[in-house]
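Have a look at work.cif below; it lists mmCIF, N, CA and C atoms.
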data_run
loop_
_atom_site.label_atom_id
_atom_site.label_comp_id
_atom_site.auth_asym_id
_atom_site.auth_seq_id
_atom_site.Cartn_x
_atom_site.Cartn_y
_atom_site.Cartn_z
N MET A 733 150.31 64.00 52.62
CA MET A 733 149.43 64.59 53.61
C MET A 733 148.12 65.00 52.92
N THR A 734 147.03 64.60 53.51
CA THR A 734 145.72 64.92 52.97
C THR A 734 145.06 65.99 53.84
N PHE A 735 143.95 66.50 53.35
CA PHE A 735 143.20 67.49 54.12
C PHE A 735 142.69 66.89 55.42
N THR A 736 142.38 65.60 55.40
CA THR A 736 141.94 64.91 56.61
C THR A 736 143.05 64.90 57.65
N ASP A 737 144.30 64.72 57.20
CA ASP A 737 145.43 64.77 58.12
C ASP A 737 145.50 66.14 58.79
N PHE A 738 145.27 67.19 58.01
CA PHE A 738 145.28 68.54 58.56
C PHE A 738 144.18 68.69 59.62
N LEU A 739 142.98 68.23 59.29
CA LEU A 739 141.86 68.37 60.21
C LEU A 739 142.09 67.58 61.50
N ASN A 740 142.85 66.51 61.42
CA ASN A 740 143.12 65.69 62.60
C ASN A 740 144.34 66.17 63.38
N ASN A 741 145.09 67.12 62.85
CA ASN A 741 146.29 67.61 63.52
C ASN A 741 145.94 68.83 64.37
N LYS A 742 145.66 68.56 65.64
CA LYS A 742 145.27 69.67 66.53
C LYS A 742 146.38 70.69 66.72
N PHE A 743 147.63 70.30 66.46
CA PHE A 743 148.75 71.23 66.59
C PHE A 743 148.71 72.30 65.50
N LEU A 744 147.95 72.04 64.46
CA LEU A 744 147.74 73.04 63.40
C LEU A 744 146.40 73.75 63.56
N TRP A 745 145.32 72.98 63.68
CA TRP A 745 144.02 73.63 63.63
C TRP A 745 143.64 74.38 64.89
N VAL A 746 144.12 73.97 66.05
CA VAL A 746 143.79 74.72 67.26
C VAL A 746 144.41 76.12 67.21
N PRO A 747 145.73 76.27 66.97
CA PRO A 747 146.27 77.63 66.87
C PRO A 747 145.67 78.46 65.72
N VAL A 748 145.44 77.83 64.58
CA VAL A 748 144.85 78.56 63.45
C VAL A 748 143.42 78.99 63.78
N SER A 749 142.66 78.12 64.41
CA SER A 749 141.27 78.47 64.71
C SER A 749 141.18 79.56 65.78
N ILE A 750 142.06 79.55 66.79
CA ILE A 750 142.01 80.62 67.79
C ILE A 750 142.43 81.94 67.15
N TRP A 751 143.37 81.90 66.21
CA TRP A 751 143.75 83.12 65.50
C TRP A 751 142.53 83.67 64.76
N LEU A 752 141.82 82.80 64.03
CA LEU A 752 140.63 83.24 63.28
C LEU A 752 139.56 83.81 64.20
N ILE A 753 139.31 83.12 65.30
CA ILE A 753 138.28 83.57 66.25
C ILE A 753 138.61 84.96 66.79
N ILE A 754 139.86 85.16 67.19
CA ILE A 754 140.24 86.46 67.75
C ILE A 754 140.21 87.55 66.69
N GLN A 755 140.69 87.26 65.49
CA GLN A 755 140.66 88.27 64.43
C GLN A 755 139.23 88.65 64.06
N ILE A 756 138.33 87.68 64.01
CA ILE A 756 136.92 87.98 63.73
C ILE A 756 136.33 88.81 64.87
N TRP A 757 136.68 88.47 66.11
CA TRP A 757 136.23 89.26 67.27
C TRP A 757 136.68 90.71 67.14
N LYS A 758 137.97 90.92 66.79
CA LYS A 758 138.48 92.28 66.68
C LYS A 758 137.80 93.03 65.53
N PHE A 759 137.49 92.34 64.45
CA PHE A 759 136.78 92.94 63.32
C PHE A 759 135.38 93.39 63.76
N ILE A 760 134.66 92.51 64.46
CA ILE A 760 133.30 92.83 64.90
C ILE A 760 133.32 93.97 65.92
N PHE A 761 134.26 93.92 66.87
CA PHE A 761 134.38 94.98 67.87
C PHE A 761 134.66 96.32 67.20
N ASP A 762 135.57 96.33 66.22
CA ASP A 762 135.90 97.55 65.49
C ASP A 762 134.69 98.05 64.71
N LEU A 763 133.93 97.14 64.11
CA LEU A 763 132.72 97.51 63.36
C LEU A 763 131.69 98.16 64.27
N ILE A 764 131.49 97.60 65.45
CA ILE A 764 130.53 98.17 66.40
C ILE A 764 131.03 99.53 66.91
N LYS A 765 132.31 99.59 67.24
CA LYS A 765 132.88 100.81 67.81
C LYS A 765 132.89 101.97 66.81
N ASN A 766 133.33 101.71 65.58
CA ASN A 766 133.51 102.77 64.59
C ASN A 766 132.39 102.86 63.57
N ARG A 767 131.48 101.93 63.58
CA ARG A 767 130.33 101.90 62.67
C ARG A 767 130.72 101.93 61.20
N LYS A 768 131.85 101.30 60.89
CA LYS A 768 132.25 101.15 59.49
C LYS A 768 133.09 99.88 59.36
N ILE A 769 133.04 99.30 58.17
CA ILE A 769 133.77 98.06 57.91
C ILE A 769 135.24 98.37 57.66
N ASN A 770 136.09 97.69 58.41
CA ASN A 770 137.53 97.82 58.26
C ASN A 770 138.11 96.40 58.11
N LEU A 771 138.24 95.97 56.86
CA LEU A 771 138.71 94.62 56.59
C LEU A 771 140.14 94.38 57.07
N LYS A 772 140.90 95.46 57.26
CA LYS A 772 142.27 95.30 57.77
C LYS A 772 142.30 94.70 59.16
N ARG A 773 141.20 94.85 59.93
CA ARG A 773 141.14 94.28 61.27
C ARG A 773 141.07 92.76 61.23
N LEU A 774 140.71 92.19 60.08
CA LEU A 774 140.67 90.72 59.98
C LEU A 774 142.06 90.11 59.92
N ILE A 775 143.01 90.84 59.34
CA ILE A 775 144.35 90.27 59.21
C ILE A 775 145.42 91.13 59.86
N GLY A 776 145.06 92.31 60.30
CA GLY A 776 146.04 93.23 60.86
C GLY A 776 146.48 92.87 62.26
N ALA A 777 147.61 93.41 62.66
CA ALA A 777 148.16 93.18 63.99
C ALA A 777 147.65 94.23 64.96
N GLY A 778 147.84 93.97 66.24
CA GLY A 778 147.47 94.92 67.28
C GLY A 778 146.04 94.75 67.75
N GLY A 779 145.75 95.36 68.86
CA GLY A 779 144.40 95.33 69.42
C GLY A 779 144.24 94.27 70.50
N MET A 780 143.07 94.29 71.11
CA MET A 780 142.75 93.41 72.23
C MET A 780 141.88 92.27 71.77
N PRO A 781 142.23 91.05 72.11
CA PRO A 781 143.48 90.56 72.69
C PRO A 781 144.50 90.26 71.61
N SER A 782 145.69 89.91 72.01
CA SER A 782 146.74 89.58 71.05
C SER A 782 146.52 88.18 70.48
N SER A 783 146.23 88.12 69.18
CA SER A 783 146.05 86.81 68.55
C SER A 783 147.38 86.09 68.43
N HIS A 784 148.47 86.84 68.26
CA HIS A 784 149.80 86.21 68.20
C HIS A 784 150.09 85.47 69.50
N SER A 785 149.80 86.11 70.62
CA SER A 785 150.04 85.47 71.92
C SER A 785 149.15 84.25 72.11
N ALA A 786 147.91 84.36 71.68
CA ALA A 786 146.99 83.23 71.81
C ALA A 786 147.46 82.04 70.97
N VAL A 787 147.96 82.31 69.77
CA VAL A 787 148.43 81.24 68.89
C VAL A 787 149.60 80.51 69.52
N VAL A 788 150.63 81.25 69.93
CA VAL A 788 151.82 80.58 70.46
C VAL A 788 151.55 79.94 71.83
N ALA A 789 150.68 80.54 72.63
CA ALA A 789 150.34 79.94 73.92
C ALA A 789 149.55 78.65 73.72
N SER A 790 148.65 78.65 72.76
CA SER A 790 147.88 77.43 72.51
C SER A 790 148.78 76.31 71.99
N LEU A 791 149.70 76.66 71.12
CA LEU A 791 150.63 75.66 70.59
C LEU A 791 151.51 75.09 71.69
N ALA A 792 152.08 75.94 72.53
CA ALA A 792 152.93 75.47 73.63
C ALA A 792 152.13 74.60 74.61
N THR A 793 150.89 74.98 74.87
CA THR A 793 150.05 74.19 75.76
C THR A 793 149.78 72.81 75.19
N LEU A 794 149.43 72.75 73.91
CA LEU A 794 149.18 71.46 73.27
C LEU A 794 150.43 70.57 73.30
N ILE A 795 151.57 71.17 73.02
CA ILE A 795 152.82 70.41 73.03
C ILE A 795 153.14 69.93 74.44
N GLY A 796 152.94 70.78 75.43
CA GLY A 796 153.18 70.38 76.81
C GLY A 796 152.29 69.24 77.24
N LYS A 797 151.02 69.28 76.85
CA LYS A 797 150.09 68.20 77.17
C LYS A 797 150.48 66.90 76.47
N SER A 798 150.93 67.01 75.24
CA SER A 798 151.23 65.83 74.43
C SER A 798 152.60 65.23 74.73
N GLU A 799 153.60 66.08 74.81
CA GLU A 799 154.99 65.60 74.91
C GLU A 799 155.57 65.66 76.32
N GLY A 800 154.87 66.35 77.21
CA GLY A 800 155.35 66.48 78.59
C GLY A 800 156.05 67.81 78.80
N LEU A 801 155.96 68.28 80.02
CA LEU A 801 156.55 69.58 80.36
C LEU A 801 158.07 69.53 80.45
N ASN A 802 158.64 68.35 80.41
CA ASN A 802 160.09 68.19 80.49
C ASN A 802 160.72 67.90 79.13
N SER A 803 159.93 67.98 78.06
CA SER A 803 160.43 67.62 76.73
C SER A 803 161.15 68.79 76.07
N PRO A 804 162.13 68.50 75.23
CA PRO A 804 162.82 69.57 74.51
C PRO A 804 161.88 70.38 73.60
N ILE A 805 160.92 69.72 72.98
CA ILE A 805 160.02 70.43 72.06
C ILE A 805 159.10 71.38 72.83
N PHE A 806 158.73 71.01 74.05
CA PHE A 806 157.94 71.93 74.88
C PHE A 806 158.79 73.15 75.26
N ALA A 807 160.04 72.91 75.63
CA ALA A 807 160.94 74.03 75.95
C ALA A 807 161.08 74.96 74.74
N LEU A 808 161.27 74.37 73.56
CA LEU A 808 161.39 75.16 72.34
C LEU A 808 160.13 75.99 72.11
N SER A 809 158.96 75.38 72.28
CA SER A 809 157.71 76.11 72.05
C SER A 809 157.52 77.23 73.06
N CYS A 810 157.97 77.03 74.29
CA CYS A 810 157.87 78.09 75.30
C CYS A 810 158.79 79.26 74.96
N ILE A 811 160.01 78.96 74.56
CA ILE A 811 160.94 80.02 74.18
C ILE A 811 160.41 80.78 72.98
N PHE A 812 159.89 80.05 71.99
CA PHE A 812 159.28 80.66 70.82
C PHE A 812 158.14 81.59 71.24
N ALA A 813 157.28 81.13 72.15
CA ALA A 813 156.15 81.93 72.62
C ALA A 813 156.63 83.20 73.33
N LEU A 814 157.65 83.05 74.16
CA LEU A 814 158.19 84.22 74.87
C LEU A 814 158.77 85.25 73.91
N VAL A 815 159.46 84.80 72.87
CA VAL A 815 160.03 85.72 71.88
C VAL A 815 158.92 86.46 71.14
N VAL A 816 157.88 85.74 70.74
CA VAL A 816 156.76 86.36 70.03
C VAL A 816 156.07 87.39 70.91
N MET A 817 155.82 87.04 72.16
CA MET A 817 155.12 87.96 73.06
C MET A 817 155.99 89.16 73.42
N TYR A 818 157.28 88.94 73.62
CA TYR A 818 158.19 90.05 73.89
C TYR A 818 158.23 91.00 72.70
N ASP A 819 158.30 90.44 71.50
CA ASP A 819 158.32 91.26 70.29
C ASP A 819 157.05 92.08 70.16
N ALA A 820 155.91 91.48 70.49
CA ALA A 820 154.63 92.19 70.38
C ALA A 820 154.56 93.40 71.30
N THR A 821 155.14 93.28 72.50
CA THR A 821 155.08 94.40 73.44
C THR A 821 156.29 95.32 73.33
N GLY A 822 157.32 94.89 72.64
CA GLY A 822 158.53 95.68 72.53
C GLY A 822 158.67 96.35 71.18
N VAL A 823 159.29 95.65 70.26
CA VAL A 823 159.64 96.24 68.95
C VAL A 823 158.40 96.68 68.18
N ARG A 824 157.40 95.80 68.06
CA ARG A 824 156.23 96.17 67.26
C ARG A 824 155.42 97.27 67.93
N ARG A 825 155.35 97.27 69.25
CA ARG A 825 154.62 98.34 69.94
C ARG A 825 155.32 99.68 69.75
N ALA A 826 156.65 99.67 69.85
CA ALA A 826 157.41 100.91 69.64
C ALA A 826 157.24 101.41 68.21
N ALA A 827 157.23 100.49 67.24
CA ALA A 827 157.04 100.90 65.84
C ALA A 827 155.66 101.51 65.65
N GLY A 828 154.65 100.98 66.32
CA GLY A 828 153.30 101.54 66.23
C GLY A 828 153.22 102.94 66.83
N LYS A 829 153.92 103.15 67.96
CA LYS A 829 153.95 104.48 68.58
C LYS A 829 154.65 105.47 67.65
N GLN A 830 155.75 105.04 67.04
CA GLN A 830 156.46 105.92 66.10
C GLN A 830 155.58 106.25 64.90
N ALA A 831 154.83 105.28 64.40
CA ALA A 831 153.95 105.52 63.27
C ALA A 831 152.88 106.55 63.63
N ARG A 832 152.34 106.47 64.85
CA ARG A 832 151.32 107.43 65.28
C ARG A 832 151.89 108.85 65.32
N ILE A 833 153.10 108.99 65.86
CA ILE A 833 153.74 110.31 65.94
C ILE A 833 154.06 110.83 64.54
N LEU A 834 154.59 109.97 63.68
CA LEU A 834 154.89 110.40 62.30
C LEU A 834 153.62 110.82 61.56
N ASN A 835 152.52 110.11 61.77
CA ASN A 835 151.26 110.50 61.14
C ASN A 835 150.80 111.87 61.63
N GLN A 836 150.99 112.14 62.92
CA GLN A 836 150.63 113.46 63.46
C GLN A 836 151.49 114.55 62.83
N ILE A 837 152.78 114.28 62.68
CA ILE A 837 153.69 115.27 62.08
C ILE A 837 153.29 115.52 60.63
N ILE A 838 153.04 114.44 59.89
CA ILE A 838 152.68 114.55 58.47
C ILE A 838 151.37 115.32 58.30
N ASN A 839 150.43 115.12 59.23
CA ASN A 839 149.13 115.77 59.13
C ASN A 839 149.11 117.19 59.69
N SER A 840 150.19 117.61 60.32
CA SER A 840 150.20 118.96 60.88
C SER A 840 150.31 119.99 59.76
N LYS A 841 149.83 121.18 60.05
CA LYS A 841 149.83 122.24 59.04
C LYS A 841 151.22 122.82 58.82
N GLU A 842 152.11 122.65 59.80
CA GLU A 842 153.45 123.21 59.68
C GLU A 842 154.33 122.41 58.72
N VAL A 843 154.04 121.14 58.59
CA VAL A 843 154.87 120.27 57.75
C VAL A 843 154.14 119.99 56.45
N LYS A 844 154.83 120.18 55.34
CA LYS A 844 154.21 119.91 54.04
C LYS A 844 154.91 118.71 53.42
N VAL A 845 154.35 117.54 53.71
CA VAL A 845 154.89 116.29 53.19
C VAL A 845 153.78 115.58 52.46
N ASN A 846 154.07 115.13 51.27
CA ASN A 846 153.07 114.41 50.49
C ASN A 846 153.34 112.91 50.63
N VAL A 847 152.53 112.25 51.45
CA VAL A 847 152.66 110.81 51.68
C VAL A 847 151.40 110.15 51.12
N PRO A 848 151.57 109.12 50.28
CA PRO A 848 150.40 108.52 49.64
C PRO A 848 149.41 107.85 50.59
N GLU A 849 149.90 107.29 51.69
CA GLU A 849 148.97 106.67 52.63
C GLU A 849 149.47 106.81 54.05
N LYS A 850 148.55 106.70 54.97
CA LYS A 850 148.86 106.81 56.39
C LYS A 850 149.66 105.58 56.85
N LEU A 851 150.61 105.80 57.76
CA LEU A 851 151.38 104.69 58.32
C LEU A 851 150.50 103.86 59.26
N VAL A 852 150.74 102.57 59.30
CA VAL A 852 149.96 101.67 60.15
C VAL A 852 150.38 101.86 61.61
N GLU A 853 149.39 102.15 62.45
CA GLU A 853 149.68 102.41 63.86
C GLU A 853 149.42 101.19 64.75
N PHE A 854 148.53 100.29 64.32
CA PHE A 854 148.23 99.09 65.09
C PHE A 854 149.22 98.00 64.74
N LEU A 855 150.36 97.99 65.40
CA LEU A 855 151.38 96.98 65.13
C LEU A 855 151.64 96.10 66.34
N GLY A 856 151.70 96.70 67.49
CA GLY A 856 152.07 95.96 68.68
C GLY A 856 150.94 95.91 69.68
N HIS A 857 151.28 95.48 70.89
CA HIS A 857 150.30 95.29 71.94
C HIS A 857 150.80 95.86 73.26
N THR A 858 149.86 96.21 74.11
CA THR A 858 150.20 96.51 75.50
C THR A 858 150.47 95.18 76.20
N PRO A 859 151.20 95.22 77.30
CA PRO A 859 151.41 93.97 78.04
C PRO A 859 150.10 93.30 78.45
N PHE A 860 149.07 94.07 78.76
CA PHE A 860 147.78 93.49 79.13
C PHE A 860 147.14 92.75 77.96
N GLU A 861 147.20 93.32 76.75
CA GLU A 861 146.64 92.66 75.56
C GLU A 861 147.36 91.34 75.30
N VAL A 862 148.67 91.32 75.50
CA VAL A 862 149.45 90.09 75.33
C VAL A 862 149.06 89.07 76.40
N PHE A 863 148.92 89.52 77.65
CA PHE A 863 148.55 88.63 78.74
C PHE A 863 147.18 88.00 78.49
N VAL A 864 146.22 88.79 78.06
CA VAL A 864 144.88 88.27 77.79
C VAL A 864 144.93 87.25 76.65
N GLY A 865 145.68 87.55 75.59
CA GLY A 865 145.84 86.58 74.50
C GLY A 865 146.49 85.30 74.98
N PHE A 866 147.49 85.42 75.85
CA PHE A 866 148.18 84.27 76.43
C PHE A 866 147.20 83.38 77.20
N ILE A 867 146.38 83.98 78.05
CA ILE A 867 145.40 83.24 78.84
C ILE A 867 144.35 82.59 77.94
N ILE A 868 143.86 83.32 76.94
CA ILE A 868 142.88 82.75 76.01
C ILE A 868 143.48 81.56 75.28
N GLY A 869 144.73 81.69 74.82
CA GLY A 869 145.38 80.60 74.10
C GLY A 869 145.52 79.35 74.94
N ILE A 870 145.94 79.51 76.20
CA ILE A 870 146.07 78.35 77.09
C ILE A 870 144.69 77.71 77.33
N GLY A 871 143.72 78.55 77.66
CA GLY A 871 142.38 78.03 77.92
C GLY A 871 141.78 77.30 76.73
N TYR A 872 141.94 77.88 75.57
CA TYR A 872 141.39 77.27 74.35
C TYR A 872 142.06 75.92 74.08
N ALA A 873 143.38 75.85 74.23
CA ALA A 873 144.10 74.60 73.99
C ALA A 873 143.70 73.53 75.01
N LEU A 874 143.44 73.92 76.24
CA LEU A 874 143.06 72.95 77.26
C LEU A 874 141.71 72.31 76.97
N LEU A 875 140.89 72.97 76.15
CA LEU A 875 139.61 72.38 75.76
C LEU A 875 139.79 71.17 74.84
N PHE A 876 140.96 71.08 74.21
CA PHE A 876 141.21 70.02 73.25
C PHE A 876 142.27 69.08 73.78
#
Structure translated into structure tokens:
Amino acid sequence: MTFTDFLNNKFLWVPVSIWLIIQIWKFIFDLIKNRKINLKRLIGAGGMPSSHSAVVASLATLIGKSEGLNSPIFALSCIFALVVMYDATGVRRAAGKQARILNQIINSKEVKVNVPEKLVEFLGHTPFEVFVGFIIGIGYALLF
């Protein structure tokens, strides 16, 4: 496999490029909102829209267009997308909420805990953030 093969494989570059576009968008939005550079927004999870949802939705859309909506690989990609999106709004969102509460407890004056760094709170997504990522992923894939 050569680099040219990679560039010609839309099943790789479309999902990767939408991930990059969304992560850069979230970085720029965070920079404008908070007026400081936060490089973690380039690779971190959470925020609007869900890049995870956009990636799996774009992949499933490309596979559906290429292999047909009745193909086993399309079914597999849809199930994979549903698991990823469910996880983003379920387990990872709950973990982010727990991290926020734990950070509040650690920072309170009543509790004296020495923690070297703050827990990451941006882990999951609201259902709306996942839905927007899903729509962006489908739309982006349909362009190709």
Item to check | All residues 8 Å or closer to A:Ser783, only N, CA and C atoms, same chain fewer than 5 positions away omitted, as a list of chain:residue names | outcome: A:Ile750, A:Trp751, A:Leu752, A:Ile753, A:Ile754, A:Gln755, A:Ala777, A:Gly778, A:Val788, A:Ala789, A:Glu861, A:Val862, A:Val864, A:Gly865, A:Phe866
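Note that the spacing between atom N of A:Ala820 and atom C of A:Val748 amounts to 18.9 Å.
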Checklist entry - What is the distance, in Å and to one decimal place, between atom CA of A:Ile811 and atom CA of A:Ser749? => result 21.9 Å
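Comparing A:Leu774, A:Met733, A:Ile805, A:Ile838 by their smallest distance to A:Trp757, the closest is A:Leu774 (using all atoms listed in the file).
Between A:Leu875 and the candidates A:Arg773, A:Gly800, A:Phe738, A:Leu794, the tightest atom-to-atom separation, counting only C-alpha atoms, involves A:Leu794.
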Item to check | Ground truth for the PyMOL selection byres (((chain A and resi 814 and name CA) around 12) and name CA), written as JSON, numbers by chain | outcome: {"A": [784, 785, 786, 787, 788, 789, 792, 807, 808, 809, 810, 811, 812, 813, 815, 816, 817, 818, 819, 820, 821, 822, 862, 863, 866]}
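Reported to one decimal place, the separation of atom CA of A:Ser790 from atom CA of A:Phe860 is 17.4 Å.
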Item to check | Residue IDs satisfying the PyMOL selection byres (((chain A and resi 876 and name CA) around 9) and name CA), as a ChimeraX atom specification | outcome: /A:742,746,794,872-875
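Distances from A:Leu763, A:Ile756, A:Pro804, A:Arg832 to A:Ile775 were compared using only N, CA and C atoms, and the smallest one belongs to A:Ile756.
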Item to check | In chain A, DSSP alpha helix (DSSP H) residues written as a ChimeraX atom specification | outcome: /A:735-740,742-766,772-775,783-799,804-821,823-839,859-874
Next on the checklist: I'd like the neighbourhood of A:Phe735 as a VMD selection string, where a residue qualifies if any of its atoms comes within 12 Å (using only C-alpha atoms), though same-chain residues fewer than 6 positions away should be ignored.
Outcome noted: chain A and resid 741 744 to 745
